[in-house]
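Asks: File my_file_29.txt follows (compact mmCIF, C-alpha atoms):
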```txt
# COMPACT_ATOMS: atom_id res chain seq x y z
CA MET A 1 -76.88 28.27 -5.33
CA ASP A 2 -75.79 27.58 -1.78
CA ASP A 3 -73.06 30.03 -0.70
CA SER A 4 -71.77 28.02 2.28
CA GLY A 5 -68.74 26.81 0.32
CA LEU A 6 -67.80 30.36 -0.62
CA THR A 7 -68.29 31.55 2.99
CA ALA A 8 -66.06 28.75 4.25
CA VAL A 9 -63.31 29.38 1.74
CA SER A 10 -63.43 33.17 2.22
CA ALA A 11 -62.87 32.65 5.95
CA LEU A 12 -59.47 31.16 5.10
CA THR A 13 -58.00 34.12 3.22
CA ASP A 14 -56.21 35.38 6.35
CA GLY A 15 -52.84 33.66 6.71
CA VAL A 16 -52.91 33.35 10.51
CA ARG A 17 -56.44 31.98 10.42
CA ARG A 18 -55.46 29.47 7.73
CA ALA A 19 -52.59 28.31 9.93
CA ALA A 20 -54.99 27.99 12.89
CA TYR A 21 -57.31 25.87 10.75
CA ARG A 22 -54.44 23.61 9.67
CA GLU A 23 -53.42 23.19 13.30
CA VAL A 24 -56.89 21.94 14.28
CA ILE A 25 -57.23 19.71 11.20
CA ALA A 26 -53.85 18.13 11.89
CA ALA A 27 -55.19 16.89 15.24
CA GLY A 28 -57.38 14.49 13.24
CA GLY A 29 -60.67 15.02 15.03
CA ALA A 30 -59.22 15.40 18.53
CA PRO A 31 -60.39 18.67 20.14
CA VAL A 32 -57.74 21.37 20.36
CA GLY A 33 -57.61 24.30 22.81
CA ARG A 34 -56.83 27.95 21.99
CA ASP A 35 -53.63 27.79 24.04
CA GLU A 36 -52.23 24.98 21.90
CA VAL A 37 -53.07 26.85 18.72
CA ALA A 38 -51.61 30.10 20.09
CA GLU A 39 -48.39 28.34 21.02
CA ALA A 40 -48.07 26.51 17.71
CA LEU A 41 -48.60 29.73 15.76
CA GLY A 42 -46.56 31.96 18.06
CA VAL A 43 -49.44 34.41 18.58
CA GLY A 44 -51.35 35.57 21.64
CA ARG A 45 -54.22 33.45 22.92
CA THR A 46 -56.73 36.26 22.36
CA LEU A 47 -55.78 36.46 18.69
CA ALA A 48 -55.87 32.66 18.37
CA ALA A 49 -59.34 32.59 19.96
CA HIS A 50 -60.53 35.33 17.60
CA HIS A 51 -59.51 33.35 14.53
CA LEU A 52 -60.84 30.06 15.89
CA ASP A 53 -64.23 31.65 16.58
CA LYS A 54 -64.31 33.09 13.04
CA LEU A 55 -63.68 29.56 11.73
CA VAL A 56 -66.62 28.33 13.81
CA ASP A 57 -68.84 31.09 12.33
CA ALA A 58 -67.84 29.94 8.84
CA GLY A 59 -68.84 26.35 9.61
CA LEU A 60 -65.29 24.99 9.34
CA LEU A 61 -64.84 24.19 13.04
CA GLU A 62 -67.15 23.31 15.89
CA VAL A 63 -66.89 23.94 19.60
CA THR A 64 -66.89 21.38 22.38
CA TYR A 65 -66.35 21.90 26.10
CA ALA A 66 -64.34 19.57 28.28
CA ARG A 67 -62.34 19.63 31.46
CA ARG A 68 -58.88 19.08 30.13
CA THR A 69 -57.62 17.50 33.32
CA GLY A 70 -60.32 14.85 33.24
CA ARG A 71 -61.44 15.86 36.74
CA SER A 72 -64.98 16.80 37.62
CA GLY A 73 -66.83 18.21 40.60
CA PRO A 74 -65.86 21.18 42.76
CA GLY A 75 -62.35 22.41 42.20
CA ALA A 76 -62.04 20.93 38.72
CA GLY A 77 -62.35 24.37 37.15
CA ARG A 78 -64.46 25.53 34.25
CA PRO A 79 -64.60 23.32 31.16
CA ALA A 80 -62.22 24.55 28.46
CA LYS A 81 -63.55 25.68 25.09
CA LEU A 82 -62.12 23.32 22.49
CA TYR A 83 -62.24 23.22 18.71
CA ARG A 84 -62.39 20.43 16.17
CA ALA A 85 -63.09 20.11 12.46
CA THR A 86 -66.71 19.69 11.36
CA ALA A 87 -67.68 16.75 9.17
CA ALA A 88 -68.96 19.13 6.49
CA GLU A 89 -67.10 19.38 3.20
CA HIS A 90 -66.92 22.63 1.29
CA GLU A 91 -66.50 22.89 -2.39
CA VAL A 92 -66.32 26.00 -4.51
CA SER A 93 -66.43 25.83 -8.25
CA VAL A 94 -66.53 28.95 -10.37
CA PRO A 95 -68.29 28.57 -12.73
CA PRO A 96 -70.45 25.76 -11.25
CA ARG A 97 -69.13 22.28 -12.02
CA ALA A 98 -70.32 18.98 -10.56
CA TYR A 99 -67.31 16.69 -10.51
CA ARG A 100 -68.53 14.89 -7.40
CA THR A 101 -71.68 13.82 -9.19
CA ALA A 102 -69.59 12.67 -12.13
CA ALA A 103 -67.33 10.71 -9.75
CA GLU A 104 -70.34 9.01 -8.15
CA LEU A 105 -71.77 8.03 -11.52
CA LEU A 106 -68.41 6.70 -12.71
CA ALA A 107 -67.99 4.69 -9.50
CA GLU A 108 -71.47 3.26 -9.89
CA ALA A 109 -70.73 2.28 -13.48
CA VAL A 110 -67.38 0.69 -12.60
CA GLU A 111 -69.07 -1.27 -9.83
CA ARG A 112 -71.88 -2.49 -12.09
CA ALA A 113 -69.41 -3.47 -14.80
CA GLY A 114 -67.18 -5.23 -12.27
CA ALA A 115 -64.22 -3.22 -13.59
CA ASP A 116 -62.58 -2.74 -10.16
CA THR A 117 -59.24 -4.07 -11.40
CA ALA A 118 -59.07 -1.53 -14.24
CA LEU A 119 -59.57 1.27 -11.69
CA PHE A 120 -56.91 -0.17 -9.36
CA ASP A 121 -54.44 -0.42 -12.25
CA ALA A 122 -55.09 3.19 -13.27
CA ALA A 123 -54.72 4.38 -9.66
CA ARG A 124 -51.43 2.54 -9.24
CA ALA A 125 -50.03 4.01 -12.45
CA HIS A 126 -51.16 7.49 -11.38
CA GLY A 127 -49.49 7.08 -7.98
CA THR A 128 -46.27 5.82 -9.54
CA ALA A 129 -46.11 8.83 -11.85
CA GLU A 130 -46.75 11.21 -8.92
CA GLY A 131 -44.40 9.53 -6.45
CA ALA A 132 -41.25 11.54 -5.77
CA GLY A 133 -38.87 12.42 -2.96
CA ASN A 134 -37.44 10.44 -0.09
CA ASP A 135 -39.62 11.60 2.83
CA VAL A 136 -42.69 9.42 3.24
CA GLY A 137 -44.46 12.00 5.45
CA ALA A 138 -43.97 14.82 2.96
CA LEU A 139 -45.06 12.59 0.06
CA LEU A 140 -48.32 11.63 1.77
CA ALA A 141 -48.96 15.16 3.06
CA ALA A 142 -48.52 16.51 -0.47
CA HIS A 143 -51.38 14.26 -1.56
CA GLY A 144 -53.73 15.36 1.22
CA TYR A 145 -53.48 12.37 3.59
CA LEU A 146 -52.47 14.16 6.84
CA PRO A 147 -50.02 11.41 7.86
CA SER A 148 -49.53 10.92 11.57
CA PRO A 149 -47.06 8.58 13.35
CA ALA A 150 -48.95 5.86 15.22
CA GLY A 151 -46.55 3.78 17.23
CA GLU A 152 -43.23 2.29 16.21
CA GLY A 153 -42.79 2.15 12.43
CA ARG A 154 -46.47 2.77 11.68
CA ILE A 155 -48.20 5.71 10.00
CA GLU A 156 -51.92 6.41 10.06
CA LEU A 157 -53.56 8.79 7.61
CA ARG A 158 -55.88 11.27 9.36
CA ASN A 159 -57.60 12.41 6.19
CA CYS A 160 -59.19 10.39 3.42
CA PRO A 161 -58.97 12.48 0.23
CA PHE A 162 -61.88 10.47 -1.21
CA HIS A 163 -63.98 10.43 1.99
CA ARG A 164 -67.48 10.94 0.60
CA LEU A 165 -66.98 8.56 -2.29
CA ALA A 166 -65.22 6.00 -0.08
CA GLU A 167 -68.25 5.93 2.22
CA GLN A 168 -70.51 5.20 -0.72
CA PHE A 169 -68.34 2.63 -2.53
CA PRO A 170 -65.95 1.24 0.11
CA PRO A 171 -64.40 -1.80 -1.66
CA LEU A 172 -63.99 0.11 -4.91
CA ILE A 173 -62.70 3.47 -3.64
CA CYS A 174 -60.64 2.11 -0.71
CA GLY A 175 -59.12 -0.37 -3.16
CA MET A 176 -58.35 2.48 -5.57
CA ASN A 177 -56.81 4.45 -2.70
CA LEU A 178 -54.61 1.53 -1.60
CA ALA A 179 -53.39 1.06 -5.17
CA MET A 180 -52.60 4.78 -5.42
CA VAL A 181 -50.65 4.88 -2.13
CA ARG A 182 -48.69 1.80 -3.24
CA GLY A 183 -47.99 3.57 -6.51
CA LEU A 184 -46.77 6.69 -4.69
CA LEU A 185 -44.36 4.55 -2.66
CA GLU A 186 -43.14 2.71 -5.76
CA GLY A 187 -42.69 5.87 -7.81
CA SER A 188 -40.46 7.40 -5.15
CA GLY A 189 -38.62 4.19 -4.27
CA LEU A 190 -40.02 4.39 -0.73
CA ASP A 191 -41.59 0.95 -1.18
CA ARG A 192 -38.23 -0.46 -0.11
CA SER A 193 -38.82 0.86 3.43
CA TRP A 194 -42.62 1.27 3.69
CA GLU A 195 -45.52 -1.02 3.00
CA ALA A 196 -49.13 0.18 2.54
CA ARG A 197 -51.93 -2.09 3.63
CA MET A 198 -55.69 -2.09 3.99
CA ASP A 199 -56.36 -1.48 7.67
CA ALA A 200 -59.91 -0.13 7.90
CA ALA A 201 -61.06 1.77 10.99
CA PRO A 202 -63.57 4.55 11.63
CA GLY A 203 -62.44 8.17 11.50
CA ARG A 204 -59.38 7.87 9.28
CA CYS A 205 -58.18 6.63 5.91
CA CYS A 206 -58.55 2.87 5.38
CA VAL A 207 -54.87 2.55 4.45
CA THR A 208 -52.00 2.53 6.97
CA LEU A 209 -48.27 2.24 6.37
CA ALA A 210 -45.85 -0.02 8.16
CA ASP A 211 -42.09 0.12 8.22
CA SER A 212 -41.03 -2.92 6.13
CA LYS A 213 -38.26 -3.63 8.64
CA ASN A 214 -40.90 -4.15 11.34
CA LYS A 215 -43.02 -6.42 9.20
CA SER A 216 -45.36 -8.46 11.33
CA ASP A 217 -46.57 -10.87 8.67
CA MET B 1 -84.12 -1.87 22.09
CA THR B 2 -85.80 -2.16 18.73
CA GLY B 3 -88.18 -5.02 17.96
CA TYR B 4 -86.57 -5.38 14.55
CA HIS B 5 -83.37 -6.84 13.23
CA LEU B 6 -81.63 -6.23 9.92
CA ALA B 7 -81.55 -9.02 7.33
CA GLN B 8 -78.73 -9.05 4.76
CA PHE B 9 -78.62 -11.07 1.53
CA ASN B 10 -75.83 -11.07 -1.02
CA ALA B 11 -75.44 -13.00 -4.26
CA ALA B 12 -72.21 -13.39 -6.26
CA ARG B 13 -71.44 -15.24 -9.49
CA LEU B 14 -68.30 -17.39 -9.27
CA ARG B 15 -65.60 -17.11 -11.93
CA ALA B 16 -64.81 -20.77 -11.39
CA PRO B 17 -66.00 -23.63 -9.15
CA LEU B 18 -64.89 -23.53 -5.52
CA ASP B 19 -62.40 -26.40 -6.02
CA ASP B 20 -60.66 -24.49 -8.84
CA PRO B 21 -57.33 -22.72 -8.08
CA ALA B 22 -58.87 -19.47 -9.42
CA THR B 23 -61.13 -19.22 -6.36
CA ALA B 24 -58.59 -20.52 -3.82
CA GLY B 25 -58.08 -17.04 -2.33
CA PHE B 26 -61.79 -16.72 -1.67
CA VAL B 27 -62.03 -20.18 -0.11
CA ALA B 28 -58.93 -19.52 2.00
CA GLY B 29 -60.56 -16.47 3.62
CA LEU B 30 -64.03 -17.91 4.07
CA ASP B 31 -63.66 -19.45 7.54
CA LEU B 32 -61.75 -16.39 8.80
CA MET B 33 -64.45 -14.01 7.57
CA ASN B 34 -67.28 -16.14 8.96
CA ALA B 35 -65.50 -16.30 12.32
CA LEU B 36 -64.97 -12.54 12.23
CA ALA B 37 -68.69 -12.00 11.53
CA ASP B 38 -69.68 -14.37 14.34
CA ARG B 39 -67.73 -12.37 16.93
CA SER B 40 -68.61 -8.92 15.58
CA PRO B 41 -70.74 -6.64 17.79
CA GLY B 42 -74.39 -6.76 16.72
CA PHE B 43 -74.15 -10.10 14.89
CA VAL B 44 -77.30 -12.21 15.36
CA TRP B 45 -77.29 -15.13 12.88
CA ARG B 46 -75.95 -16.31 9.54
CA LEU B 47 -76.95 -19.09 7.18
CA ALA B 48 -74.58 -22.04 7.62
CA GLU B 49 -75.32 -25.42 6.10
CA GLY B 50 -73.40 -28.44 4.93
CA PRO B 51 -70.25 -30.06 6.25
CA ALA B 52 -68.15 -26.88 6.02
CA GLY B 53 -70.53 -24.89 8.22
CA ASP B 54 -70.90 -22.12 5.66
CA ALA B 55 -73.44 -21.08 3.05
CA THR B 56 -71.52 -22.08 -0.09
CA THR B 57 -73.74 -25.11 -0.76
CA VAL B 58 -76.86 -22.94 -0.89
CA ARG B 59 -77.57 -22.03 -4.53
CA PRO B 60 -81.13 -20.63 -4.71
CA THR B 61 -80.83 -19.09 -8.19
CA GLU B 62 -78.20 -20.53 -10.52
CA PRO B 63 -75.52 -23.19 -9.96
CA ASP B 64 -72.64 -20.68 -10.20
CA VAL B 65 -74.23 -18.09 -7.89
CA ILE B 66 -73.36 -18.33 -4.20
CA VAL B 67 -75.06 -16.35 -1.47
CA THR B 68 -74.68 -15.01 2.03
CA LEU B 69 -77.65 -14.48 4.34
CA SER B 70 -77.30 -13.00 7.82
CA VAL B 71 -79.10 -11.07 10.56
CA TRP B 72 -77.73 -8.09 12.51
CA GLU B 73 -78.95 -5.80 15.26
CA SER B 74 -78.53 -2.65 13.16
CA VAL B 75 -77.28 -1.20 9.88
CA GLU B 76 -74.35 0.32 11.80
CA ALA B 77 -73.33 -3.08 13.20
CA LEU B 78 -73.37 -4.69 9.75
CA ARG B 79 -71.58 -1.70 8.21
CA ALA B 80 -68.82 -1.89 10.83
CA PHE B 81 -68.20 -5.56 10.05
CA THR B 82 -68.52 -5.19 6.28
CA TYR B 83 -66.46 -2.04 5.72
CA GLN B 84 -64.48 -1.26 8.89
CA SER B 85 -62.81 -4.60 9.58
CA GLU B 86 -60.45 -7.01 7.82
CA HIS B 87 -63.48 -7.93 5.73
CA LEU B 88 -62.94 -4.78 3.62
CA ASP B 89 -59.72 -6.16 2.15
CA TYR B 90 -61.50 -9.43 1.32
CA LEU B 91 -64.23 -7.42 -0.43
CA ARG B 92 -61.61 -5.38 -2.28
CA ARG B 93 -60.45 -8.58 -4.00
CA ARG B 94 -63.97 -9.66 -5.06
CA ARG B 95 -63.29 -9.37 -8.81
CA GLU B 96 -60.50 -11.94 -8.57
CA TRP B 97 -63.19 -14.49 -7.76
CA PHE B 98 -66.54 -13.15 -8.96
CA VAL B 99 -68.00 -11.70 -12.15
CA PRO B 100 -70.82 -9.13 -12.12
CA LEU B 101 -74.12 -10.75 -11.29
CA GLY B 102 -76.02 -9.02 -14.04
CA TYR B 103 -78.59 -7.66 -11.58
CA ARG B 104 -78.73 -4.02 -10.62
CA ALA B 105 -77.44 -4.86 -7.14
CA SER B 106 -75.80 -7.83 -5.47
CA LEU B 107 -76.60 -6.85 -1.87
CA VAL B 108 -79.99 -6.18 -0.32
CA LEU B 109 -81.05 -5.23 3.23
CA TRP B 110 -84.46 -5.32 4.92
CA TRP B 111 -85.96 -5.34 8.40
CA ILE B 112 -87.37 -8.46 10.05
CA PRO B 113 -89.11 -8.88 13.41
CA ALA B 114 -86.46 -9.81 15.98
CA GLY B 115 -86.56 -13.53 16.66
CA THR B 116 -87.53 -14.52 13.10
CA LEU B 117 -85.15 -15.76 10.40
CA PRO B 118 -85.05 -14.90 6.68
CA THR B 119 -84.73 -17.55 3.93
CA PRO B 120 -82.52 -17.53 0.80
CA GLU B 121 -85.67 -17.51 -1.36
CA GLU B 122 -86.84 -14.37 0.44
CA GLY B 123 -83.42 -12.85 -0.18
CA VAL B 124 -83.69 -13.55 -3.92
CA ALA B 125 -87.14 -11.93 -4.01
CA ARG B 126 -85.87 -8.86 -2.12
CA LEU B 127 -82.88 -8.53 -4.45
CA ARG B 128 -85.19 -8.67 -7.49
CA ALA B 129 -87.49 -6.09 -5.88
CA LEU B 130 -84.49 -3.81 -5.29
CA GLY B 131 -83.49 -4.21 -8.93
CA ALA B 132 -87.00 -3.46 -10.17
CA ASN B 133 -88.00 -0.59 -7.85
CA GLY B 134 -84.77 0.85 -6.49
CA PRO B 135 -84.34 1.22 -2.71
CA THR B 136 -87.60 1.03 -0.69
CA PRO B 137 -88.25 0.26 3.00
CA ASP B 138 -88.78 -3.39 1.93
CA ALA B 139 -85.46 -3.77 0.06
CA PHE B 140 -82.65 -1.26 0.43
CA THR B 141 -78.88 -0.78 0.44
CA PHE B 142 -76.13 0.74 2.60
CA ARG B 143 -76.11 3.77 0.31
CA ALA B 144 -79.86 4.33 0.69
CA PRO B 145 -80.84 2.88 4.09
CA PHE B 146 -84.27 3.03 5.73
CA PRO B 147 -84.91 3.10 9.50
CA ALA B 148 -86.44 0.11 11.26
CA PRO B 149 -90.25 0.21 11.45
CA ALA B 150 -91.50 2.09 14.51
CA THR B 151 -92.00 -0.21 17.47
CA THR B 152 -95.22 0.41 19.39
CA ASP B 153 -95.01 0.87 23.15
CA ALA B 154 -97.01 -2.31 23.64
CA ALA B 155 -94.48 -4.47 21.76
CA PRO B 156 -93.55 -7.46 23.87
CA PRO B 157 -89.99 -7.31 25.17
CA ALA B 158 -87.49 -9.78 23.81
CA PRO B 159 -87.43 -12.87 26.00
CA LEU B 160 -84.64 -12.81 28.53
CA PRO B 161 -82.77 -15.93 29.54
CA ALA B 162 -84.08 -17.34 32.78
CA ARG B 163 -81.92 -16.54 35.76
CA PRO B 164 -82.13 -17.56 39.39
CA ALA B 165 -84.22 -15.21 41.55
```
Take the structure I supplied and represent it as structure tokens, if you would.
Replies:
Amino acid sequence: MDDSGLTAVSALTDGVRRAAYREVIAAGGAPVGRDEVAEALGVGRTLAAHHLDKLVDAGLLEVTYARRTGRSGPGAGRPAKLYRATAAEHEVSVPPRAYRTAAELLAEAVERAGADTALFDAARAHGTAEGAGNDVGALLAAHGYLPSPAGEGRIELRNCPFHRLAEQFPPLICGMNLAMVRGLLEGSGLDRSWEARMDAAPGRCCVTLADSKNKSD
Amino acid sequence: MTGYHLAQFNAARLRAPLDDPATAGFVAGLDLMNALADRSPGFVWRLAEGPAGDATTVRPTEPDVIVTLSVWESVEALRAFTYQSEHLDYLRRRREWFVPLGYRASLVLWWIPAGTLPTPEEGVARLRALGANGPTPDAFTFRAPFPAPATTDAAPPAPLPARPA
């Protein structure tokens, strides 16, 4: 068995390092410097760099170099070492279980049977049962979406909790996801102020939320 | 620049005729989606016949099965239009208007020499081949794509529009 998942997860046992990882992930793919992480965590930049480099060793982050000022040529200074999340997913199951394979097979079967609507209905009911609270950001964060404000009255979701499956079965899984987000809003009563819509774009979840008061259509 | 383009063929079985209220949502989005395809990066050609300028009159298999047939510069270009545009929400609603085709797949992709055009009959044959053999370089899917055939160095360049010297 491949131990990369275990290596990745073990690298996150240290609390400071876990916080550093969350800080980079929250940037949603944008490279983050050690100074920003140090400041956010309230630790020294040497300690921040140490943890960031350990996360690179574990395959959770990757390094890029860029001149932060956007200048180039003499006088622009050395490129800064920046960190961003890798595309790799890590899964640890003890004992070994293969839920992803099961999910792929189920998705394939639903697609062949044309039972999309049954899946959407189940997802909406699940979301409604899970929906609670009155803070839309906290609600979405609790379900793994990494919500991020994107302009006036609009929220983008930096993480797709179903990423791998959504890439393989976009209409089915993105439709399921939209139904679930709508359910979460309904279950918590937040549907009175927020509206979820399909708004596909690369690099983030296919669903975005708009403040109902700023409805454009 | 590759000497090959990607051909796409899709078949879908209507729940009801196109003048029935049950398919009104599909008909309402058709022109928008065709216009979106036409202006998408990497779009080359799509089948459009009849007075409406779309492919809904083309029925190469059964009377209730409609098709789309198009040509794109790359798998990535077609994927961006299909799954990363407003088209995704249209696709999400497919079961409101269509029932399962009964084949193993409803969409098939294959490579064609740039400058040539595929036919609906070829699309049907490719879809049947995909159903019988699974994905191969001759008939594949987004989930199991194949690269374009290697272009030899001696391949003639695509003709450029004439321009004043």
Asks: Would you kindly return, as a PyMOL selection string, each protein, DNA or RNA residue with an atom no farther than 12 Å from any atom of Val16 (chain A), considering all atoms listed in the file and excluding same-chain residues fewer than 3 positions away?
Replies: chain A and resi 11-13+19-23+37-38+40-44+47-52+54-55
Asks: Show me which bits of chain B are within 8 Å of chain A, counting only C-alpha atoms, as a PyMOL selection string.
Replies: chain B and resi 83-86+88-89+91-92+95+99-100+102+104-105+142-143
Asks: What is the CA of Trp111 (chain B) to CA of Ala7 (chain B) distance in Å?
Replies: 5.8 Å
Asks: Excluding region 14-20 of chain B and its own-chain neighbours fewer than 2 positions away, which residues fall within 10 Å of it when counting all atoms listed in the file? Please give them as a list in words.
Replies: Ala11, Ala12, Ala22, Thr23, Ala24, Gly25, Phe26, Val27, Thr56, Pro63, Asp64, Val65, Ile66, Arg94, Arg95, Glu96, Trp97, Phe98, Val99, Pro100 and Leu101 of chain B
Asks: Restrict the selected residues to C-alpha atoms and save them as an mmCIF file, in the frame of the given file.
Replies:
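Dumped to selection39.cif:
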```
data_model
loop_
_atom_site.group_PDB
_atom_site.id
_atom_site.type_symbol
_atom_site.label_atom_id
_atom_site.label_comp_id
_atom_site.auth_asym_id
_atom_site.auth_seq_id
_atom_site.Cartn_x
_atom_site.Cartn_y
_atom_site.Cartn_z
ATOM 1 C CA ALA B 11 -75.440 -13.000 -4.260
ATOM 2 C CA ALA B 12 -72.210 -13.390 -6.260
ATOM 3 C CA ALA B 22 -58.870 -19.470 -9.420
ATOM 4 C CA THR B 23 -61.130 -19.220 -6.360
ATOM 5 C CA ALA B 24 -58.590 -20.520 -3.820
ATOM 6 C CA GLY B 25 -58.080 -17.040 -2.330
ATOM 7 C CA PHE B 26 -61.790 -16.720 -1.670
ATOM 8 C CA VAL B 27 -62.030 -20.180 -0.110
ATOM 9 C CA THR B 56 -71.520 -22.080 -0.090
ATOM 10 C CA PRO B 63 -75.520 -23.190 -9.960
ATOM 11 C CA ASP B 64 -72.640 -20.680 -10.200
ATOM 12 C CA VAL B 65 -74.230 -18.090 -7.890
ATOM 13 C CA ILE B 66 -73.360 -18.330 -4.200
ATOM 14 C CA ARG B 94 -63.970 -9.660 -5.060
ATOM 15 C CA ARG B 95 -63.290 -9.370 -8.810
ATOM 16 C CA GLU B 96 -60.500 -11.940 -8.570
ATOM 17 C CA TRP B 97 -63.190 -14.490 -7.760
ATOM 18 C CA PHE B 98 -66.540 -13.150 -8.960
ATOM 19 C CA VAL B 99 -68.000 -11.700 -12.150
ATOM 20 C CA PRO B 100 -70.820 -9.130 -12.120
ATOM 21 C CA LEU B 101 -74.120 -10.750 -11.290
#
```
Asks: Could you check which residues have any atom within 9 Å of (-85.3, -15.1, 9.7), counting all atoms listed in the file with coordinates taken straight from the file, and then list them as a CSV table (one decimal) with C-alpha atoms, in the frame of the given file?
Replies:
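Saved the output as out-v7.csv:
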```csv
chain,number,residue,atom,x,y,z
B,7,ALA,CA,-81.6,-9.0,7.3
B,45,TRP,CA,-77.3,-15.1,12.9
B,70,SER,CA,-77.3,-13.0,7.8
B,71,VAL,CA,-79.1,-11.1,10.6
B,112,ILE,CA,-87.4,-8.5,10.0
B,113,PRO,CA,-89.1,-8.9,13.4
B,114,ALA,CA,-86.5,-9.8,16.0
B,115,GLY,CA,-86.6,-13.5,16.7
B,116,THR,CA,-87.5,-14.5,13.1
B,117,LEU,CA,-85.2,-15.8,10.4
B,118,PRO,CA,-85.0,-14.9,6.7
B,119,THR,CA,-84.7,-17.6,3.9
```
Asks: In Å to one decimal, how far is CA of Gly29 (chain A) from CA of Thr101 (chain A)?
Replies: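 Computing the Euclidean distance for CA of Thr101 (chain A) and CA of Gly29 (chain A) yields 26.6 Å.
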Asks: So which residues fall inside 10 Å of (-66.1, 23.3, 27.3) if we count all atoms listed in the file? Mind giving them as a ChimeraX atom specification?
Replies: /A:33,63-68,78-83
Asks: Tell me which of A:Leu185, A:Ala138, A:Leu146, A:Leu61 sits closest to Ala8 (chain A), counting all atoms listed in the file.
Replies: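 Ranked by minimum distance to Ala8 (chain A), first place goes to A:Leu61.
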